[in-house]
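Engineer: Sharing a structure with you now.
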Protein chains: 4
Amino acid sequence: MAKRINLNADIAEGWGAYNIGNDAELMTIIKSANVACGFHAGDPNTMHRLCMLAKEQGVSIGVHPGFNDLWGFGRRRIQMKPVDLEYMVAYQIGALQGMARYSGLKVTHLKPHGALNNMAAEDEEYALAIGRAIKTVDPSIVYVALAGSKMQWAAEKLGLPLAREGFVDRMYYDDGNLASRALSGTVLKDAEEAARRTVRMVVDGEIVSMNGKVVKVEVDTLCVHGDEPTAVGVARTARAALEKAGVEIVPLTEMELPGR
Amino acid sequence: MAKRINLNADIAEGWGAYNIGNDAELMTIIKSANVACGFHAGDPNTMHRLCMLAKEQGVSIGVHPGFNDLWGFGRRRIQMKPVDLEYMVAYQIGALQGMARYSGLKVTHLKPHGALNNMAAEDEEYALAIGRAIKTVDPSIVYVALAGSKMQWAAEKLGLPLAREGFVDRMYYDDGNLASRALSGTVLKDAEEAARRTVRMVVDGEIVSMNGKVVKVEVDTLCVHGDEPTAVGVARTARAALEKAGVEIVPLTEMELPGR
Amino acid sequence: MAKRINLNADIAEGWGAYNIGNDAELMTIIKSANVACGFHAGDPNTMHRLCMLAKEQGVSIGVHPGFNDLWGFGRRRIQMKPVDLEYMVAYQIGALQGMARYSGLKVTHLKPHGALNNMAAEDEEYALAIGRAIKTVDPSIVYVALAGSKMQWAAEKLGLPLAREGFVDRMYYDDGNLASRALSGTVLKDAEEAARRTVRMVVDGEIVSMNGKVVKVEVDTLCVHGDEPTAVGVARTARAALEKAGVEIVPLTEMELPGR
Amino acid sequence: MAKRINLNADIAEGWGAYNIGNDAELMTIIKSANVACGFHAGDPNTMHRLCMLAKEQGVSIGVHPGFNDLWGFGRRRIQMKPVDLEYMVAYQIGALQGMARYSGLKVTHLKPHGALNNMAAEDEEYALAIGRAIKTVDPSIVYVALAGSKMQWAAEKLGLPLAREGFVDRMYYDDGNLASRALSGTVLKDAEEAARRTVRMVVDGEIVSMNGKVVKVEVDTLCVHGDEPTAVGVARTARAALEKAGVEIVPLTEMELPGR
């Protein structure tokens, strides 16, 4: 059987009169959409629109919960009680399940947004709080977690289905962790190089760290961005290279995942 | 079989650090709670707390959607596109369904809040928009509608289960419509009088209008308030009088309702 | 002395991560900017940026207060107590005065936004509430009011400096009132026609109504839009035609205005 | 001349339909009010009401800026760019200046709220950002800073008038820094003990640390709380003890302060 991989992106992050991002184009590249749910971005209208579009294009949908920080677009780190965070995530799952009824789609995964994703990757309490929300509202929802992060640990601990996430356009440390965006050169702008690295990651299960070390990784889904001018081009090139290498690009619902 | 009636109240209307209302006391009087869902009031914490309390006390829970107007507490009339309103209501239904999973309770009714309730009682477009949201997200949810209002009309038109609502502490016009709060004397403060009128409404299906005219009414649920000093006393007295008259006070889930 | 006119536009209506409108281009056409102040749009960052830009380009700045309705972008009609509205406007004036200190500019006019502008044009209470806020916070601020509206009446009644506003791209009724956007053909898309009408309005003090009637008008400022593809072109053409006709385009601070 | 001290408290922290705190009682104890300005709490109505009350009671008013985190009541730590924070503070200063015009009072001090106060006490960037906002909008505004904190350092560095703050009901470390609320016994509930310590701090310039060490301190203002049942009683007792010891309780406007 052909190797399979999922591509995911953050989507539907407008709000009211405001638009942002490049939903229409991203939706032709990815197979799973992380839908903003009204806390860091997104509103009932954008959620509705995206669910209908996902239905049309065979893209699976997931919750993209963020901090309740519309002004900061969910990119500011906020310290809060894990239990408060848990309920905020549960609320956002329910809200998307409600909106998804218009499309007939089921909400099948969850990936945290921005600063929440970064904090939950490092913080056991946050990672578990998100996992408990999933487990309570719908334990069949796949927890999309940076490979090797505390989120992966939490998903495993709670017995949740898990999708380990890699990046098509980012560099890694020797221990397999994602290198900080703040370091120069850690975001790849060269589409061909990103594509070569992506194929190796998926086909051979290997990444080459910033220091040139070969590290073994297992990823189920690759994150693609739309917020920078070069990002969409990088994503498109990486996808084409994967297909050329015989890899099938599928929704998360068609991946074999740990814990499912 | 004994006559049955439901008592409902708006509940869980705090937000963040802020508390309002008299939830603890109201929850001992009512049998169905209208839970604020984050737009005019309410947040994931208050929703969680109320669902757990409802489970404990045998109270059924419903969505209490409002305009997205936290500052105005949902009491300001807002003109908006019906389809935008519809999606806002669908979102709020989903959000409460998500939070309700903590308690194991099912969300079984919906009653609009404040200005939205007032506008939807008069405006077909708003009344239908709310109904369409119910129909899409969960058509088994009971539409709680002021008896004789456009909401009742919309519920019937869409084939939704319906609970016709009356008031224990309000006066009515000759045509059976609720008299405006703005008119002096239309809110009853005298608990004994309110109790007598309530029993007559439930047992005999009659109200006496402001002009003394006897009007036939059918109500399935009575609205009780907690936001004024005298309101809780009125509610408690009315409930006691109903019980003394042999009327059983039950959750909406135990009422026989039109359309169900 | 050459005839003078002011051109104004709504500006700085982004918020957080969100941008909207065409500030950079509009700022080269207009001479007075209506700065969104955080209620319907605008935040401290956009206010700061616009004030600095206005300083650089010789554009005068004014408050552009809106309803506290970020989701609705201030375009939804909201019913509220006039005194609550008054304080909201006073707050927004103060906020812009604070931010304007970075540029050294003085806040010299006020024009309401969207639905608030429409409602205050018709409603004496709203028009007066806005006027009282101006009068309390800084009575030298010019009230920009649709010519002939209740806002003009309120400014005159309160003794506030007044700028009567006309439109470069809109049709009028026989009585000199602005024709509703909802009517087909009332928004001019033909830049040449709009320019001819604008010159006649400013030079001859005349408009030709939808029915062909010539109506006398006095305007001190002309509103220009940036939110539609054709609007900026219309504005630029109208401005060029005015200059060709010998009309000087000046900030509101250089206009001779009633009440100042 | 009699020794003088100021007492300050956080005030006007309601929002919309929500009330919180004990404004009426606190206003009879303090001489300077820190007015919430709409970001963590407070709205134009509460600001107006408080300014009028302050005028009536001879209390001076100051800005009480917080993070833009209404849900968290400004109590959650948020990481953001210092320049964004600076403009947010500038905006809040301007907003209160606008509202204060109703009372004829001048805004004469600024004290950060909650998590912002805690973070700025430790973080030079935050402390300076707040100081720059003051310096730009009105450099005569007194920066109220925890004695010995980074805020005191920033005020001195920027040449701003400074009020060094102490607490009537809190314990201190040996180095004169405030002991964390999280440690048991660091919040004094015994009114008599708090009063004795307060008099010694003001009259003798001495505090006794948690370990019994006598530490020299200079304070210009004492913070009083209203959010706990015992706090108002502690504040009242401390104030009476100060007056009995011959200390005059005055607004910040009547204190001799460093940098003014």
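Chains: A, B, ... in order of the structure tokens. Residues: from 1 per chain. Ligands: from 1, in order shown.
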Give me the chain C side of the contact with chain B, cut-off 7 Å, one line per residue showing its nearest atom pair and distance in Å at one decimal, counting only C-alpha atoms, sorted by chain and residue number, as a Markdown table.
Structural biologist:
| residue | atom | partner | partner_atom | distance |
| --- | --- | --- | --- | --- |
| C:Arg76 | CA | B:Gln79 | CA | 5.6 |
| C:Arg77 | CA | B:Gln79 | CA | 5.3 |
| C:Ile78 | CA | B:Ile78 | CA | 4.6 |
| C:Gln79 | CA | B:Arg77 | CA | 5.3 |
| C:Met80 | CA | B:Arg76 | CA | 6.0 |
Engineer: For segment 173-177 of chain B, please output as a count of residues only all residues within 10 Å (counting only C-alpha atoms; exclusion window: fewer than 2 positions along the same chain).
Structural biologist: 21
Engineer: Using atom CA of Ile61 of chain C and atom CA of Gly21 of chain C as the two end points, give the distance in Å to one decimal.
Structural biologist: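 Those two atoms sit 17.2 Å apart.
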Engineer: In segment 65-114 of chain C, what's helix (DSSP H, G or I) per DSSP? Answer as a list in words?
Structural biologist: Pro82, Val83, Asp84, Leu85, Glu86, Tyr87, Met88, Val89, Ala90, Tyr91, Gln92, Ile93, Gly94, Ala95, Leu96, Gln97, Gly98, Met99, Ala100 and Gly114 of chain C
Engineer: As a ChimeraX atom specification, which residues of segment 5-207 of chain C does DSSP assign to strand (DSSP E or B)?
Structural biologist: /C:5-11,15,18,32-36,60-64,78,107-110,142-146,162-167,170,172,178,187,206-207
Engineer: State, in Å with one decimal place, the distance from atom CA of Val168 of chain B to atom CA of Arg196 of chain B.
Structural biologist: 9.5 Å
Engineer: Would you kindly return, as a short mmCIF file (atom, residue, chain, number, x, y, z; two decimals) with all heavy atoms, in the first residue's frame, each protein, DNA or RNA residue with an atom no farther than 6 Å from any atom of segment 227-243 of chain B, considering only C-alpha atoms and excluding same-chain residues fewer than 5 positions away?
Structural biologist:
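So result-v2.cif came out as:
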data_model
loop_
_atom_site.label_atom_id
_atom_site.label_comp_id
_atom_site.auth_asym_id
_atom_site.auth_seq_id
_atom_site.Cartn_x
_atom_site.Cartn_y
_atom_site.Cartn_z
N GLY B 21 -27.35 37.86 39.33
CA GLY B 21 -28.51 36.98 39.48
C GLY B 21 -28.41 36.14 40.73
O GLY B 21 -27.52 36.32 41.56
N ALA B 191 -47.13 38.92 45.77
CA ALA B 191 -46.94 37.49 45.55
C ALA B 191 -48.27 36.72 45.58
O ALA B 191 -48.49 35.81 44.78
CB ALA B 191 -45.98 36.92 46.60
N ALA B 195 -49.79 34.61 42.51
CA ALA B 195 -50.02 33.17 42.70
C ALA B 195 -51.44 32.79 42.27
O ALA B 195 -51.65 31.79 41.58
CB ALA B 195 -49.79 32.79 44.16
N VAL B 199 -52.28 30.20 39.16
CA VAL B 199 -53.08 28.97 39.30
C VAL B 199 -54.23 28.98 38.29
O VAL B 199 -54.50 27.97 37.61
CB VAL B 199 -53.61 28.81 40.74
CG1 VAL B 199 -54.62 27.66 40.82
CG2 VAL B 199 -52.44 28.56 41.70
#
Engineer: List the spatial neighbours of Asn34 of chain B as an MDAnalysis selection string - criterion: any atom at most 7 Å away, only C-alpha atoms, same-chain residues fewer than 5 positions off excluded.
Structural biologist: chainID B and resid 8:11 61:64 111
Engineer: For all heavy atoms, I'd like the residues from the last selection saved as a compact mmCIF listing (two decimals), in the first residue's frame.
Structural biologist:
# COMPACT_ATOMS: atom_id res chain seq x y z
N ASN B 8 -39.49 27.82 34.24
CA ASN B 8 -38.14 28.05 33.70
C ASN B 8 -37.60 29.39 34.16
O ASN B 8 -38.36 30.29 34.52
CB ASN B 8 -38.15 27.96 32.16
CG ASN B 8 -38.67 29.23 31.51
OD1 ASN B 8 -37.97 30.24 31.45
ND2 ASN B 8 -39.91 29.20 31.01
N ALA B 9 -36.27 29.52 34.17
CA ALA B 9 -35.65 30.80 34.49
C ALA B 9 -34.32 30.93 33.74
O ALA B 9 -33.69 29.93 33.39
CB ALA B 9 -35.40 30.93 35.99
N ASP B 10 -33.93 32.18 33.54
CA ASP B 10 -32.62 32.49 32.94
C ASP B 10 -31.55 32.35 34.01
O ASP B 10 -31.71 32.84 35.13
CB ASP B 10 -32.58 33.91 32.40
CG ASP B 10 -33.68 34.16 31.40
OD1 ASP B 10 -34.29 33.18 30.93
OD2 ASP B 10 -33.94 35.33 31.12
N ILE B 11 -30.44 31.72 33.65
CA ILE B 11 -29.49 31.30 34.67
C ILE B 11 -28.07 31.38 34.12
O ILE B 11 -27.88 31.47 32.91
CB ILE B 11 -29.89 29.85 35.10
CG1 ILE B 11 -29.92 29.72 36.60
CG2 ILE B 11 -29.08 28.80 34.44
CD1 ILE B 11 -31.21 29.75 37.23
N ILE B 61 -31.93 21.32 31.02
CA ILE B 61 -31.19 22.51 30.57
C ILE B 61 -31.49 22.87 29.11
O ILE B 61 -31.75 22.01 28.28
CB ILE B 61 -29.66 22.33 30.70
CG1 ILE B 61 -29.20 21.05 30.00
CG2 ILE B 61 -29.25 22.33 32.16
CD1 ILE B 61 -27.69 20.94 29.89
N GLY B 62 -31.44 24.18 28.87
CA GLY B 62 -31.68 24.67 27.52
C GLY B 62 -30.74 25.79 27.19
O GLY B 62 -30.12 26.40 28.07
N VAL B 63 -30.64 26.06 25.90
CA VAL B 63 -29.81 27.16 25.40
C VAL B 63 -30.54 28.47 25.62
O VAL B 63 -31.75 28.55 25.40
CB VAL B 63 -29.56 26.99 23.89
CG1 VAL B 63 -28.50 27.93 23.40
CG2 VAL B 63 -29.22 25.54 23.56
N HIS B 64 -29.81 29.48 26.03
CA HIS B 64 -30.39 30.81 26.22
C HIS B 64 -29.58 31.78 25.36
O HIS B 64 -28.78 32.56 25.86
CB HIS B 64 -30.31 31.18 27.70
CG HIS B 64 -31.10 32.39 28.07
ND1 HIS B 64 -32.39 32.61 27.66
CD2 HIS B 64 -30.77 33.48 28.82
CE1 HIS B 64 -32.82 33.76 28.16
NE2 HIS B 64 -31.85 34.31 28.85
N LYS B 111 -34.47 28.97 24.68
CA LYS B 111 -35.28 30.19 24.84
C LYS B 111 -34.39 31.40 24.63
O LYS B 111 -33.39 31.57 25.32
CB LYS B 111 -35.89 30.24 26.24
CG LYS B 111 -36.69 31.53 26.44
CD LYS B 111 -37.22 31.68 27.85
CE LYS B 111 -37.65 33.13 28.06
NZ LYS B 111 -38.12 33.35 29.43
